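Visitor: I am attaching a structure below and will ask some questions about it afterwards.
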Amino acid sequence: MPAEALKCKECSTPYPLEARYVCERCFGPLEVAYRPPGSSADELRRRIQAGPHSLWRYADFLPLDRVPRASLATGLTPLVRADRLAERLGLGEVWVKNETANPTHSFKDRVVSVALARAVELGFNTVACASTGNLAGAVAAHAAYAGLPAYVFVPADLEPEKILSAGAYGAHIIAVRGNYDAVNRLCTQVSGERESWAFVNVNVRPYYAEGSKTLAYETAEQLGWELPDRVVAPVASGSLFTKVARGFQDFIDAGLLRGDVPAMHGAQAAGCSPVAQAFAAGTDVCRPVKPDTIAKSLAIGDPADGPYAVALARRTGGSVDAVSDDEIRAGVRLLAETTGIFTETAGGVTTAVLAKLAERGEIDPSERMVLYITGDGLKTLDVVRGTAAVTEIEPRLAAFEDAVGRGVAEGTPVTSALREAVA
Amino acid sequence: MSVTIKLPTQLRAAAGGAVEAQADGGTVGEVLESLYGTHGELRDRIAGEGGELRRFVNVYVGGEDIRFLEGLATPVADGDEVTILPAVAGG
């Protein structure tokens with residue numbers, strides 16, 4: 001399904017497949033448009049199944065002249081059946097797409113893989129990004145593998161785990177005194193002045209965004225070429241959320257799947273919920289907010305794809321919900337306790353929204369749910385600091401027996417408190 | 001009152017290649033009208049039919065998004081800097 005052009009999502013003006021991201025006529029976002037696939041569903045399926053064990057197996061649906069000969073192995077992350085989580089929430093069938101299994105432990109490896117490959121095709125010699133943290137690490141790592149210099153721009157108050165890990169790959173880290181929206185604005189300006197730099201989520205954003213479609217492709221393939229009924233995914237800029245739906249639609253259009261795009265449920269933190277607020281207000285105008293939440297990877301107060309995310313949720317019978325910081329912490333804990341997957345705060349948001357939907361009784365037990373867990377808990381350790389029940393003892397058997405005798409090693413009071421918080 | 005308007009790369013061709021422009025007015029709306037007076041082609045790019053900003057155009061006064069201020073009615077002072085940028089980036 002070769003890419004044909006960039007097209008404005010607002011006014012449909014076409015542009016060549018260059019490093020552009022904004023329509024010059026109306027400032028609308030540009031998106032990659034494809035020609036219909038020239039192959040039958042059976043041929044496409046065979047090609048995918050014979051492809052590499054990574055997101056490059058979906059090359060037929062990606063905007064590259066050719067897939068890179070070598071790159072960090074991204075994608076084909078586990079889709080885990082989460083029966084204990086389902087049982088806890090009174091649901092029937094829940095699956096978790098575990099994106100912590102990517103090379104830099106978040107879904108951002110997907111978007112960066114595609115953006116960087118396209119940037120190289122277009123002749124760029126430096127990669128850069130505006131990041132809430134996970135993207136910084138992904139850009140730094142993939143640039144290191146490709147041998148390109150990287151500049152990552154982040155809010156100065158970002159979690160140290162994210163800044164330190166991006167630094168480990170040798171990236172130049174620009175810590176901006178301001179929130180993500182200020183960082184983003186600065187990068188928009190810098191990208192206008194540095195012609196040899198590919199800002200993955202600015203001037204090559206249309207290619208970058210396509211990487212998130214592979215989340216849907218993999219989900220469908222891992223479910224045995226079937227669709228889920230509903231998905232829950234985090235909403236920051238709204239890019240992942242809208243592209244997951246596009247991915248399912250691509251496969252439906254190509255004849256690889258039968259049915260409709262799942263009901264799309266978006267998840268935001270109450271401290272940064274411009275999209276959830278627009279959804280609740282029945283409008284698609286997302287009024288920008290000043291973020292104040294522990295879910296820093298979702299702290300985008302002025303979401304570029306917000307209006308499209310609202311429209312998508314509405315069109316598919318989904319929703320966009322917001323959860324408090326306490327619910328986020330409880331969500332992190334609930335997922336870890338029931339699935340063995342330790343997620344960062346964004347996954348806490350997603351899990352807490354699933355719990356909220358279950359509680360509202362919106363999900364029939366016969367429905368198949370997929371939860372997108374987009375990042376790793378080791379990057380936001382601060383939110384679990386002090387929550388583990390630790391029993392310190394002398395290295396003597398008697399001390400251990402004594403501690404067990406007092407019951408400390410058996411039940412953890414913290415757990416039940418959190419369980420109540422999510423219920 | 002005279003303010004400096006910083007133009008994004010995507011608008012420069014329609015403004016004869018200018019990187020910035022001087023404009024007059026007491027509010028953002030008036031300043032933009034003044035800008036359209038100098039560079040007529042910019043009106044359609046920035047504004048919709050009712051004169052409101054297109055939904056993917058962001059305007060900042062002294063670094064603050066005017067949606068956090070008073071929108072097009074946001075007052076500007078002599079020497080202020082007004083920046084126009086595409087909203088679509090990031091994520």
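By convention in this document, the chains of the structure tokens carry letters A, B, ... by their order, each chain's residues are numbered from 1, and ligands are numbered from 1 in the order they are shown.
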Show which residues sit within 12 Å of Glu52 (chain B), as a PyMOL selection string. Count only C-alpha atoms, and ignore same-chain residues fewer than 6 positions away.

Guide: chain B and resi 28-29+32-33+43-46+58-59+71-73

Visitor: Which chain B residues are at most 6 Å from chain A (counting only C-alpha atoms), as a PDB file with N, CA and C atoms, in the first residue's frame?

Guide:
```pdb
ATOM      1  N   THR B   9       7.452  29.874   9.498  1.00  0.00           N
ATOM      2  CA  THR B   9       7.992  29.613   8.149  1.00  0.00           C
ATOM      3  C   THR B   9       6.869  29.384   7.143  1.00  0.00           C
ATOM      4  N   GLN B  10       5.774  28.739   7.588  1.00  0.00           N
ATOM      5  CA  GLN B  10       4.701  28.394   6.649  1.00  0.00           C
ATOM      6  C   GLN B  10       3.976  29.616   6.104  1.00  0.00           C
ATOM      7  N   ARG B  45      -5.277  32.676   5.393  1.00  0.00           N
ATOM      8  CA  ARG B  45      -4.488  31.606   6.020  1.00  0.00           C
ATOM      9  C   ARG B  45      -4.737  31.561   7.523  1.00  0.00           C
ATOM     10  N   PHE B  56      -6.363  25.561  13.783  1.00  0.00           N
ATOM     11  CA  PHE B  56      -4.994  25.083  13.993  1.00  0.00           C
ATOM     12  C   PHE B  56      -3.968  26.216  13.948  1.00  0.00           C
ATOM     13  N   VAL B  88      -0.227  22.396  15.211  1.00  0.00           N
ATOM     14  CA  VAL B  88      -0.030  20.967  15.026  1.00  0.00           C
ATOM     15  C   VAL B  88       1.414  20.559  15.207  1.00  0.00           C
ATOM     16  N   ALA B  89       1.742  20.098  16.371  1.00  0.00           N
ATOM     17  CA  ALA B  89       3.069  19.546  16.617  1.00  0.00           C
ATOM     18  C   ALA B  89       3.001  18.785  17.907  1.00  0.00           C
ATOM     19  N   GLY B  90       3.966  17.934  18.111  1.00  0.00           N
ATOM     20  CA  GLY B  90       4.090  17.250  19.378  1.00  0.00           C
ATOM     21  C   GLY B  90       3.276  15.984  19.477  1.00  0.00           C
ATOM     22  N   GLY B  91       3.410  15.349  20.626  1.00  0.00           N
ATOM     23  CA  GLY B  91       2.657  14.132  20.876  1.00  0.00           C
ATOM     24  C   GLY B  91       3.566  12.938  20.942  1.00  0.00           C
TER      25      GLY B  91
END
```

Visitor: Excluding same-chain residues fewer than 5 positions from Leu72 (chain A), what lies within 12 Å of it counting only C-alpha atoms, as a list in words?

Guide: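 Neighbouring residues, sequence-local ones excluded: His53, Ser54, Leu55, Trp56, Asn102, Pro103, Thr104, Asp109, Arg110, Val112, Ser113, Val114, Leu116, Ala117, Ala138, Val139, Ala140, Ala141, His142, Ala143, Ala144, Tyr145 and Ala146 of chain A.
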
Visitor: Name all residues at most 6 Å from region 35-42 of chain B (count only C-alpha atoms; drop same-chain ones fewer than 4 positions away) and give them as a list in words.

Guide: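 Those residues are Ala14, Ala15 and Ala23 of chain B.
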
Visitor: Can you work out which one of A:Val261, A:Val390, A:Ala233, A:Ile363 has the shortest atom-to-atom distance to Ala346 (chain A), counting only C-alpha atoms?

Guide: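 For Ala346 (chain A), the nearest of the given residues is A:Ala233.
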
Visitor: What is the distance, in Å and to one decimal place, between CA of Ser34 (chain B) and CA of Cys11 (chain A)?

Guide: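 About the pair CA of Ser34 (chain B) and CA of Cys11 (chain A): they are 26.5 Å apart.
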
Visitor: Let's see if you can do this: from backbone DSSP, list all alpha helix (DSSP H) residues in region 20-209 of chain A, as a PyMOL selection string.

Guide: chain A and resi 41-49+83-89+108-121+134-146+160-168+180-193+205-209
